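Enquirer: Sharing start-v2.tsv, TSV, C-alpha atoms and all ligand atoms:
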```
chain	number	residue	atom	x	y	z
A	1	MET	CA	138.62	-13.59	67.79
A	2	ALA	CA	136.86	-16.21	65.78
A	3	ASP	CA	138.08	-17.81	62.82
A	4	ALA	CA	135.42	-17.01	60.28
A	5	PRO	CA	131.85	-15.84	60.08
A	6	GLY	CA	129.36	-18.60	60.74
A	7	THR	CA	131.63	-20.94	62.72
A	8	LEU	CA	130.09	-22.72	65.71
A	9	PRO	CA	130.18	-20.15	68.51
A	10	MET	CA	131.46	-20.66	72.04
A	11	ILE	CA	129.05	-19.81	74.81
A	12	PRO	CA	129.96	-20.79	78.39
A	13	ASP	CA	128.22	-24.02	79.41
A	14	ASP	CA	126.39	-22.51	82.36
A	15	VAL	CA	125.05	-19.63	80.24
A	16	ALA	CA	124.02	-22.03	77.47
A	17	ALA	CA	122.24	-24.29	79.97
A	18	ALA	CA	120.35	-21.36	81.50
A	19	ALA	CA	119.35	-20.08	78.05
A	20	LEU	CA	118.13	-23.54	77.03
A	21	HIS	CA	116.11	-23.82	80.24
A	22	GLY	CA	114.59	-20.37	79.65
A	23	SER	CA	113.67	-21.23	76.07
A	24	PHE	CA	111.05	-23.66	77.44
A	25	CYS	CA	109.43	-20.99	79.62
A	26	PRO	CA	105.95	-19.72	78.69
A	27	LYS	CA	107.26	-16.13	78.68
A	28	MET	CA	106.01	-15.41	82.19
A	29	CYS	CA	107.88	-12.13	82.55
A	30	THR	CA	107.14	-10.42	79.25
A	31	PHE	CA	104.95	-7.86	81.03
A	32	ALA	CA	107.98	-6.67	83.04
A	33	CYS	CA	110.29	-5.70	80.18
A	34	PRO	CA	110.47	-1.92	79.62
A	35	VAL	CA	111.88	-2.28	76.11
A	36	THR	CA	109.01	-4.54	75.05
A	37	GLU	CA	106.58	-2.05	76.57
A	38	ALA	CA	108.19	0.98	74.92
A	39	THR	CA	108.98	-0.45	71.49
A	40	GLY	CA	106.56	-3.32	70.90
A	41	ARG	CA	109.45	-5.33	69.40
A	42	ASP	CA	108.55	-8.99	69.66
A	43	ASP	CA	112.24	-9.93	69.80
A	44	ALA	CA	112.71	-7.63	72.83
A	45	VAL	CA	110.93	-10.07	75.15
A	46	PRO	CA	113.25	-11.86	77.57
A	47	TRP	CA	112.25	-15.26	76.18
A	48	SER	CA	113.51	-14.27	72.73
A	49	PHE	CA	117.02	-13.75	74.12
A	50	HIS	CA	116.95	-17.22	75.71
A	51	ARG	CA	115.96	-18.67	72.36
A	52	THR	CA	118.59	-16.82	70.31
A	53	VAL	CA	121.41	-17.59	72.73
A	54	SER	CA	120.37	-21.21	73.15
A	55	ASP	CA	120.17	-21.66	69.38
A	56	LEU	CA	123.61	-20.07	68.99
A	57	ALA	CA	125.07	-22.34	71.67
A	58	GLN	CA	123.66	-25.46	70.03
A	59	GLY	CA	124.59	-24.42	66.50
A	60	ARG	CA	120.94	-24.30	65.46
A	61	THR	CA	121.38	-20.79	64.16
A	62	THR	CA	124.31	-19.10	62.46
A	63	ALA	CA	126.19	-16.36	64.31
A	64	ASP	CA	125.44	-13.81	61.63
A	65	ALA	CA	123.90	-10.37	61.25
A	66	HIS	CA	120.39	-11.83	61.60
A	67	ALA	CA	121.26	-13.37	64.98
A	68	ALA	CA	122.95	-10.09	65.99
A	69	SER	CA	119.75	-8.19	65.20
A	70	HIS	CA	117.93	-10.35	67.78
A	71	LEU	CA	120.47	-9.43	70.47
A	72	GLU	CA	119.86	-5.69	70.39
A	73	ALA	CA	116.88	-4.71	72.48
A	74	CYS	CA	117.89	-5.31	76.10
A	75	THR	CA	118.93	-2.63	78.60
A	76	GLY	CA	120.17	-5.07	81.23
A	77	CYS	CA	117.62	-3.64	83.68
A	78	LEU	CA	116.96	-6.96	85.49
A	79	ALA	CA	113.19	-6.26	85.58
A	80	CYS	CA	112.56	-9.73	84.17
A	81	ARG	CA	114.48	-11.27	87.06
A	82	VAL	CA	111.96	-10.05	89.66
A	83	PRO	CA	109.01	-12.23	88.54
A	84	CYS	CA	111.24	-15.04	87.22
A	85	VAL	CA	110.97	-18.11	89.43
A	86	PHE	CA	114.15	-19.48	87.82
A	87	ASP	CA	116.33	-16.46	88.73
A	88	GLN	CA	117.42	-16.10	85.11
A	89	ASP	CA	120.18	-13.57	84.32
A	90	VAL	CA	119.04	-12.45	80.86
A	91	PRO	CA	121.67	-9.69	80.44
A	92	ALA	CA	124.46	-12.25	80.99
A	93	GLN	CA	122.98	-14.32	78.17
A	94	VAL	CA	122.71	-11.28	75.89
A	95	ARG	CA	126.37	-10.41	76.58
A	96	ALA	CA	127.43	-13.97	75.74
A	97	GLY	CA	125.34	-13.90	72.57
A	98	ARG	CA	126.80	-10.56	71.53
A	99	ALA	CA	130.33	-11.85	72.15
A	100	THR	CA	129.56	-14.87	70.00
A	101	VAL	CA	128.26	-12.93	67.02
A	102	ARG	CA	131.16	-10.51	67.28
A	103	ASP	CA	133.65	-13.35	67.35
A	104	ALA	CA	131.99	-14.67	64.22
A	105	GLY	CA	132.37	-11.32	62.47
A	106	SER	CA	128.85	-9.92	62.93
A	107	PRO	CA	128.91	-7.64	65.99
A	108	VAL	CA	125.79	-5.87	67.17
A	109	ALA	CA	125.53	-2.36	65.77
A	110	GLY	CA	127.79	0.26	67.31
A	111	THR	CA	130.32	-2.18	68.76
A	112	GLU	CA	133.35	-1.46	66.60
A	113	ASP	CA	132.87	2.33	66.79
A	114	ALA	CA	132.76	2.06	70.58
A	115	VAL	CA	135.88	-0.14	70.64
A	116	ALA	CA	137.71	2.35	68.40
A	117	ALA	CA	136.66	5.30	70.59
A	118	VAL	CA	137.97	3.62	73.75
A	119	ALA	CA	141.23	2.65	72.01
A	120	ASP	CA	141.58	6.35	71.28
A	121	GLY	CA	140.97	7.29	74.95
A	122	ARG	CA	137.45	8.58	74.27
A	123	SER	CA	134.10	7.68	75.80
A	124	PRO	CA	132.31	4.93	73.87
A	125	TYR	CA	129.21	7.15	74.01
A	126	GLY	CA	130.83	10.13	72.27
A	127	VAL	CA	130.55	12.15	75.50
A	128	ASP	CA	133.45	14.49	76.35
A	129	LEU	CA	135.23	12.93	79.32
A	130	PRO	CA	135.71	15.36	82.21
A	131	ALA	CA	139.11	17.02	82.41
A	132	GLY	CA	140.92	19.38	84.75
A	133	LEU	CA	139.62	17.82	87.96
A	134	ASP	CA	142.64	17.87	90.24
A	135	ALA	CA	142.93	15.69	93.30
A	136	ASP	CA	142.74	17.24	96.78
A	137	ALA	CA	146.10	15.72	97.66
A	138	THR	CA	148.86	13.69	96.09
A	139	THR	CA	148.87	10.74	98.51
A	140	GLY	CA	146.97	9.44	101.50
A	141	PHE	CA	143.55	9.42	99.91
A	142	ASP	CA	140.47	8.43	101.88
A	143	VAL	CA	138.36	7.99	98.74
A	144	VAL	CA	138.95	7.49	95.03
A	145	VAL	CA	136.06	8.63	92.86
A	146	VAL	CA	135.96	6.98	89.44
A	147	ALA	CA	134.08	8.84	86.73
A	148	GLY	CA	131.77	6.96	84.41
A	149	CYS	CA	131.98	7.41	80.65
A	150	ARG	CA	128.73	9.45	80.68
A	151	ASP	CA	129.48	11.65	83.71
A	152	ASP	CA	129.85	15.36	83.39
A	153	ALA	CA	132.31	17.62	85.18
A	154	ARG	CA	129.63	19.47	87.17
A	155	ASP	CA	128.35	16.31	88.87
A	156	LEU	CA	131.85	15.03	89.60
A	157	ASP	CA	132.90	18.34	91.06
A	158	ALA	CA	129.75	18.30	93.20
A	159	LEU	CA	130.69	14.91	94.62
A	160	ARG	CA	134.21	16.12	95.32
A	161	ARG	CA	132.83	19.18	97.16
A	162	ILE	CA	130.63	16.97	99.33
A	163	LEU	CA	133.53	14.68	100.21
A	164	ALA	CA	135.81	17.67	100.93
A	165	SER	CA	133.12	19.14	103.17
A	166	ALA	CA	133.17	15.87	105.14
A	167	GLY	CA	136.97	16.14	105.43
A	168	ARG	CA	137.73	13.28	103.04
A	169	ARG	CA	140.91	13.47	100.93
A	170	THR	CA	139.67	12.55	97.49
A	171	ALA	CA	141.27	11.51	94.22
A	172	LEU	CA	139.26	11.76	91.02
A	173	VAL	CA	140.10	9.25	88.32
A	174	VAL	CA	138.77	9.46	84.78
A	175	PRO	CA	139.20	6.16	82.91
A	176	GLU	CA	140.91	6.14	79.53
A	177	GLY	CA	137.60	5.93	77.70
A	178	CYS	CA	135.82	3.14	79.62
A	179	CYS	CA	136.08	1.05	82.79
A	180	GLY	CA	135.39	-1.98	80.60
A	181	GLY	CA	131.72	-2.31	81.49
A	182	THR	CA	130.24	-0.89	78.29
A	183	LEU	CA	132.65	-2.89	76.13
A	184	ALA	CA	131.68	-6.08	77.98
A	185	ASP	CA	127.99	-5.24	77.42
A	186	LEU	CA	128.70	-5.00	73.69
A	187	GLY	CA	130.41	-8.39	73.67
A	188	ALA	CA	133.92	-6.96	73.22
A	189	GLY	CA	135.43	-9.12	75.97
A	190	PRO	CA	139.17	-8.81	75.25
A	191	GLU	CA	138.95	-5.03	74.91
A	192	ALA	CA	136.85	-4.83	78.09
A	193	THR	CA	139.49	-6.76	80.03
A	194	ALA	CA	142.25	-4.50	78.68
A	195	ALA	CA	140.28	-1.35	79.58
A	196	ALA	CA	139.70	-2.61	83.12
A	197	ALA	CA	143.42	-3.36	83.48
A	198	ARG	CA	144.34	0.16	82.32
A	199	LEU	CA	141.92	1.64	84.85
A	200	GLY	CA	143.43	-0.54	87.59
A	201	GLU	CA	146.82	1.05	86.89
A	202	LEU	CA	145.34	4.54	87.34
A	203	LEU	CA	143.78	3.86	90.76
A	204	PRO	CA	145.81	5.21	93.69
A	205	PRO	CA	145.58	3.24	96.94
A	206	ALA	CA	142.56	4.13	99.10
A	207	PRO	CA	140.21	2.18	101.39
A	208	VAL	CA	137.12	3.22	99.39
A	209	VAL	CA	136.46	3.53	95.66
A	210	VAL	CA	133.22	5.26	94.62
A	211	ALA	CA	131.70	4.57	91.22
A	212	THR	CA	129.54	7.50	90.16
A	213	ASP	CA	127.73	5.34	87.59
A	214	PRO	CA	126.29	2.02	88.87
A	215	HIS	CA	127.09	0.47	85.47
A	216	CYS	CA	130.80	0.69	86.46
A	217	LEU	CA	130.44	-1.21	89.77
A	218	PRO	CA	131.07	-4.77	88.45
A	219	ALA	CA	134.14	-3.71	86.46
A	220	LEU	CA	135.54	-1.75	89.40
A	221	ARG	CA	135.03	-4.64	91.78
A	222	SER	CA	137.15	-6.81	89.53
A	223	THR	CA	139.79	-4.08	89.23
A	224	ALA	CA	140.16	-2.62	92.72
A	225	GLY	CA	142.61	-4.30	95.06
A	226	ASP	CA	141.70	-6.70	97.84
A	227	GLY	CA	140.51	-4.86	100.92
A	228	THR	CA	139.16	-1.91	98.92
A	229	ARG	CA	135.43	-1.30	99.28
A	230	VAL	CA	133.76	-0.35	96.01
A	231	LEU	CA	130.59	1.65	96.66
A	232	ASP	CA	127.98	3.58	94.76
A	233	THR	CA	127.64	7.30	95.51
A	234	ALA	CA	124.51	7.07	97.68
A	235	THR	CA	125.88	4.30	99.90
A	236	ALA	CA	129.17	6.16	100.36
A	237	LEU	CA	127.48	9.46	101.24
A	238	VAL	CA	124.82	8.09	103.57
A	239	GLN	CA	127.64	6.67	105.70
A	240	LEU	CA	128.97	10.22	106.06
A	241	VAL	CA	125.50	11.40	107.16
A	242	ASP	CA	125.46	8.61	109.75
A	243	GLU	CA	128.84	9.82	111.00
A	244	ASP	CA	127.40	13.36	111.26
A	245	ALA	CA	130.10	14.49	108.82
A	246	LEU	CA	127.69	16.22	106.43
A	247	ARG	CA	125.30	19.08	107.09
A	248	PHE	CA	122.69	20.32	104.64
A	249	VAL	CA	120.53	23.41	104.55
A	250	SER	CA	116.96	22.21	105.07
A	251	GLU	CA	114.55	23.00	102.20
A	252	ARG	CA	111.12	21.43	101.76
A	253	THR	CA	111.53	20.84	98.02
A	254	ARG	CA	109.31	18.28	96.30
A	255	VAL	CA	111.42	15.79	94.34
A	256	ALA	CA	110.87	12.45	92.63
A	257	PHE	CA	113.74	9.96	92.78
A	258	HIS	CA	114.36	7.78	89.72
A	259	ASP	CA	115.90	4.55	91.02
A	260	PRO	CA	118.63	3.42	88.58
A	261	CYS	CA	117.95	-0.24	87.72
A	262	LEU	CA	121.38	-1.54	88.60
A	263	LEU	CA	121.33	0.29	91.91
A	264	ALA	CA	117.82	-0.81	92.94
A	265	ARG	CA	117.76	-4.35	91.55
A	266	GLY	CA	121.45	-5.12	91.02
A	267	GLU	CA	122.76	-3.68	94.31
A	268	ASP	CA	119.60	-3.58	96.46
A	269	VAL	CA	120.29	0.12	97.13
A	270	THR	CA	116.99	1.99	97.46
A	271	THR	CA	117.04	3.43	100.99
A	272	PRO	CA	120.35	5.40	100.96
A	273	PRO	CA	119.36	7.89	98.24
A	274	ARG	CA	116.01	8.51	99.97
A	275	ARG	CA	117.73	9.07	103.31
A	276	LEU	CA	120.09	11.56	101.68
A	277	LEU	CA	117.21	13.45	100.10
A	278	ALA	CA	115.40	13.45	103.44
A	279	ALA	CA	118.53	14.89	105.09
A	280	THR	CA	118.05	18.02	102.95
A	281	GLY	CA	114.40	18.33	103.98
A	282	ALA	CA	113.22	17.23	100.51
A	283	VAL	CA	109.69	15.87	100.28
A	284	LEU	CA	109.77	12.70	98.20
A	285	VAL	CA	107.10	12.05	95.58
A	286	GLU	CA	107.25	8.42	94.44
A	287	PRO	CA	106.65	7.85	90.72
A	288	GLU	CA	104.92	4.87	89.15
A	289	GLY	CA	107.65	2.21	89.28
A	290	HIS	CA	110.05	2.93	92.14
A	291	GLY	CA	112.41	1.05	94.42
A	292	ALA	CA	112.93	-2.54	93.22
A	293	SER	CA	110.03	-2.02	90.80
A	294	THR	CA	111.76	0.87	89.05
A	295	VAL	CA	111.31	1.27	85.29
A	296	CYS	CA	114.39	1.55	83.08
A	297	SER	CA	115.48	4.78	81.38
A	298	GLY	CA	117.13	2.83	78.56
A	299	ALA	CA	120.66	3.56	79.79
A	300	GLY	CA	122.01	0.00	80.08
A	301	MET	CA	123.68	-2.59	77.86
A	302	ALA	CA	124.83	0.24	75.55
A	303	LEU	CA	121.33	0.24	74.05
A	304	GLU	CA	121.75	3.83	72.85
A	305	LEU	CA	124.69	2.68	70.70
A	306	VAL	CA	123.12	-0.56	69.54
A	307	ALA	CA	119.54	0.57	68.88
A	308	PRO	CA	119.24	4.34	69.43
A	309	THR	CA	115.56	4.51	68.47
A	310	ASP	CA	114.65	1.81	70.99
A	311	ALA	CA	116.75	3.53	73.68
A	312	ALA	CA	114.94	6.82	73.00
A	313	ALA	CA	111.53	5.15	73.13
A	314	THR	CA	112.42	3.51	76.45
A	315	ALA	CA	113.63	6.84	77.87
A	316	ASP	CA	110.47	8.62	76.65
A	317	HIS	CA	108.30	5.99	78.34
A	318	ARG	CA	110.10	6.47	81.67
A	319	ALA	CA	110.20	10.26	81.33
A	320	ARG	CA	106.40	10.29	80.97
A	321	GLN	CA	106.00	8.30	84.20
A	322	LEU	CA	108.40	10.58	86.08
A	323	GLY	CA	106.94	13.73	84.56
A	324	ALA	CA	103.49	12.72	85.82
A	325	THR	CA	104.70	13.37	89.39
A	326	GLY	CA	104.94	17.08	88.58
A	327	ALA	CA	108.17	17.23	90.59
A	328	PRO	CA	111.77	17.74	89.49
A	329	VAL	CA	113.62	14.44	89.26
A	330	VAL	CA	116.83	13.37	90.97
A	331	THR	CA	118.74	10.24	90.03
A	332	ALA	CA	122.04	8.58	90.84
A	333	CYS	CA	123.25	7.30	87.47
A	334	ALA	CA	124.96	9.45	84.86
A	335	GLY	CA	123.57	7.33	82.03
A	336	ALA	CA	120.00	7.59	83.31
A	337	ARG	CA	120.35	11.34	83.86
A	338	ARG	CA	121.47	11.84	80.27
A	339	ARG	CA	118.78	9.60	78.80
A	340	LEU	CA	116.01	11.31	80.79
A	341	ALA	CA	117.34	14.83	80.09
A	342	ASP	CA	117.42	13.99	76.38
A	343	ALA	CA	113.78	12.96	76.74
A	344	GLY	CA	113.00	16.48	77.96
A	345	LEU	CA	112.86	15.86	81.73
A	346	ASP	CA	114.10	18.25	84.45
A	347	VAL	CA	116.58	15.86	86.08
A	348	THR	CA	119.53	16.42	88.42
A	349	ASP	CA	122.28	14.12	89.61
A	350	LEU	CA	122.04	13.23	93.31
A	351	ALA	CA	125.53	14.64	94.04
A	352	THR	CA	124.71	17.99	92.46
A	353	PHE	CA	121.38	18.16	94.30
A	354	LEU	CA	123.16	17.52	97.62
A	355	ALA	CA	126.16	19.78	96.97
A	356	ASP	CA	123.82	22.69	96.23
A	357	ARG	CA	122.38	22.26	99.74
A	358	LEU	CA	125.59	21.92	101.76
A	359	VAL	CA	125.79	24.22	104.75
A	360	PRO	CA	128.26	26.90	103.61
A	361	GLU	CA	131.73	26.87	105.17
A	362	PRO	CA	132.17	29.71	107.67
A	363	PRO	CA	134.48	32.43	106.31
A	364	ALA	CA	138.14	31.81	107.17
A	401	LIG	S1	117.02	-7.27	81.45
A	401	LIG	FE1	115.39	-5.69	81.23
A	401	LIG	S2	115.52	-5.03	79.08
A	401	LIG	FE2	116.62	-7.01	79.24
A	401	LIG	S3	115.09	-8.56	78.70
A	401	LIG	FE3	115.07	-8.34	80.95
A	401	LIG	S4	113.45	-6.81	81.38
A	401	LIG	FE4	113.95	-6.67	79.18
A	402	LIG	S1	113.41	-14.61	82.55
A	402	LIG	FE1	112.35	-16.28	83.67
A	402	LIG	S2	110.15	-15.81	83.48
A	402	LIG	FE2	111.24	-14.59	81.90
A	402	LIG	S3	111.16	-15.88	80.04
A	402	LIG	FE3	113.08	-16.31	81.11
A	402	LIG	S4	112.66	-18.10	82.40
A	402	LIG	FE4	110.68	-17.21	81.79
```
Please render this file's structure as structure tokens.
Expert:
Amino acid sequence: MADAPGTLPMIPDDVAAAALHGSFCPKMCTFACPVTEATGRDDAVPWSFHRTVSDLAQGRTTADAHAASHLEACTGCLACRVPCVFDQDVPAQVRAGRATVRDAGSPVAGTEDAVAAVADGRSPYGVDLPAGLDADATTGFDVVVVAGCRDDARDLDALRRILASAGRRTALVVPEGCCGGTLADLGAGPEATAAAARLGELLPPAPVVVATDPHCLPALRSTAGDGTRVLDTATALVQLVDEDALRFVSERTRVAFHDPCLLARGEDVTTPPRRLLAATGAVLVEPEGHGASTVCSGAGMALELVAPTDAAATADHRARQLGATGAPVVTACAGARRRLADAGLDVTDLATFLADRLVPEPPA
């Protein structure tokens, strides 16, 4: 923690250098930012984050509530990285800026409530964490599924049913509030590290860990032991299809897939969910903004805690694009599913969509 409000903040040199470099850019990626598009905030443009973080790093601005207010409106969607010829990581700069203002006593809105919730074993988002999901075995797991802090029990149980149908012994782990990812996004670094360490102690040994929410992947990769593969749900399940371990009832249902930003742009995972949907006979309808060009639902960087109105506007914008397809929507991110459902969209988690189409077990 910092000494006192207004002291010269500490931003890692590489982040400060990148932010300074970006602050000289003629805002070439502004068109790509979904928060700018949805809210019209002129401090939501990627360039504004470069400027705020660079000014903080050089002591040209005070790490106070005013600076914190200019570090709100980013969802971490990486859309600005696609057209950026400098490969700038804007969310990393926003995280560093948020950590700096928090250290100086002026956290971005929602941070301390989220920290307190996690310290109490609750989700930082105020969502009831799933309970009563027993493991299929006590040892010898093939897969550990780690719930996100916005998952619901139905979707987790669906994933467990799919894995059981493929003969995989599965453990289901619910973090004590947070894997650390959301806290890191809010700039609560020490608490994020502690949360990740607590989750590490809960993980039983297994060759594969599946994160049901792509926002948890970075934290889990730093937590899981060497030799453990940390995968998103779609990548894990498409491998089972390739092994002929999963069978689905074929139904020609029209569906639109909403690519979660961190899956499509952060992990380069766009084909596996489409192959899984195709394995059920689904007919894919592509919305405006799909694959690596997907448009954010507002679920990242804890935006719904920091600036709820901006998060809702971003979700509404995406829900309108998806709704224009006229097809029910499937996605593979608990946060995106909740944001889009709150915006009034008919949206289903990929695991639940697949589990509902499993070929029934023959009677014993
Ligand atoms: S990461 Fe996404 S929300 Fe954040 S500045 Fe870039 S485009 Fe905007
Ligand atoms: S992310 Fe790249 S293109 Fe966008 S403002 Fe920064 S340097 Fe310019």
Enquirer: The centre and edge lengths of an axis-aligned box containing all atoms of ligand LIG 402 (chain A) present in the file, extended by 8 Å on each side, are to be given in Å to one decimal, as lines of an AutoDock Vina configuration file.
Expert:
```
center_x = 111.8
center_y = -16.3
center_z = 81.9
size_x = 19.3
size_y = 19.5
size_z = 19.6
```
Enquirer: Tell me, as a list of chain:residue names, which residues lie within 9 Å of A:Leu78, counting all atoms listed in the file; anything in the same chain fewer than 6 positions away does not count.
Expert: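 Here the qualifying residues turn out to be A:Cys33, A:Asp89, A:Val90, A:Pro91, A:Cys261, A:Leu262, A:Arg265, A:Gly266.
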Enquirer: For A:Leu246, work out the shell of residues within 8 Å, counting all atoms listed in the file and skipping chain neighbours fewer than 4 positions away, then give it as a VMD selection string.
Expert: chain A and resid 162 165 to 166 240 to 241 358
Enquirer: Give me, as a VMD selection string, all polymer residues having an atom no more than 6 Å from A:Ala16, counting only C-alpha atoms and skipping those fewer than 2 positions away in the same chain.
Expert: chain A and resid 13 to 14 18 to 19 54 57
Enquirer: Smallest atom-to-atom distance to ligand LIG 401 (chain A): which of A:His66, A:Lys27, A:Arg81, A:Arg320, using only C-alpha atoms and all ligand atoms?
Expert: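 Using only C-alpha atoms and all ligand atoms, ligand LIG 401 (chain A) sits closest to A:Arg81.
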Enquirer: Taking (126.4, -17.7, 63.6) in the file's coordinates as the center, which residues reach within 12 Å of it, counting all atoms listed in the file, put as number ranges by chain?
Expert: A: 2-11, 52-70, 97-107
Enquirer: Residues within 12 Å of A:Ala312, please, as JSON, numbers by chain. Count only C-alpha atoms; anything in the same chain fewer than 6 positions from it doesn't count.
Expert: {"A": [34, 35, 38, 39, 73, 75, 296, 297, 298, 299, 303, 304, 305, 306, 318, 319, 336, 338, 339, 340, 341, 342, 343, 344]}
Enquirer: Which residues are near ligand LIG 402 (chain A) - at most 7 Å, using only C-alpha atoms and all ligand atoms? Format: as a ChimeraX atom specification.
Expert: /A:22,25-30,46-47,50,80-81,83-88,90
Enquirer: If we count all atoms listed in the file, what is near A:Gly121 at a cut-off of 7 Å, once residues fewer than 3 positions away on the same chain are taken out, given as an MDAnalysis selection string?
Expert: chainID A and resid 117:118 176:177
Enquirer: Would you save the residues from that selection as a PDB file, in the frame of the given file, using C-alpha atoms?
Expert:
```pdb
ATOM      1  CA  ALA A 117     136.660   5.300  70.590  1.00  0.00           C
ATOM      2  CA  VAL A 118     137.970   3.620  73.750  1.00  0.00           C
ATOM      3  CA  GLU A 176     140.910   6.140  79.530  1.00  0.00           C
ATOM      4  CA  GLY A 177     137.600   5.930  77.700  1.00  0.00           C
TER       5      GLY A 177
END
```
Enquirer: Mind giving me the straight-line distance from atom CA of A:Cys178 to atom CA of A:Leu345 in Å, one decimal?
Expert: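 So the two atoms, atom CA of A:Cys178 and atom CA of A:Leu345, lie 26.3 Å apart.
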Enquirer: Take atom CA of A:Gly300 and atom CA of A:Phe24 and report the distance between them in Å, one decimal.
Expert: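 So the two atoms, atom CA of A:Gly300 and atom CA of A:Phe24, lie 26.2 Å apart.
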Enquirer: Considering all atoms listed in the file, can you say which of A:Gly76, A:Pro214, A:Pro124, A:Pro287 comes closest to ligand LIG 401 (chain A)?
Expert: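 Nearest candidate to ligand LIG 401 (chain A) out of A:Gly76, A:Pro214, A:Pro124, A:Pro287: A:Gly76.
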Enquirer: Measure the distance from atom CA of A:Leu172 to atom CA of A:Val146 in Å and round it to one decimal.
Expert: 6.0 Å
Enquirer: Select, from A:Val15, A:Val330, A:Ala236, A:Ala302, the residue with the minimum atom-to-atom distance to ligand LIG 401 (chain A), counting only C-alpha atoms and all ligand atoms.
Expert: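 Closest to ligand LIG 401 (chain A), using only C-alpha atoms and all ligand atoms: A:Ala302.
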Enquirer: Considering all atoms listed in the file, can you say which of A:Val238, A:Leu186, A:Leu322, A:Ala206 comes closest to A:Thr139?
Expert: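 Answer, going by the shortest atom-to-atom distance: A:Ala206.
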Enquirer: Using all atoms listed in the file, collect all residues at a distance of at most 6 Å from (142.5, 5.1, 98.8) as written in the file, then present them as a PyMOL selection string.
Expert: chain A and resi 141-144+205-208
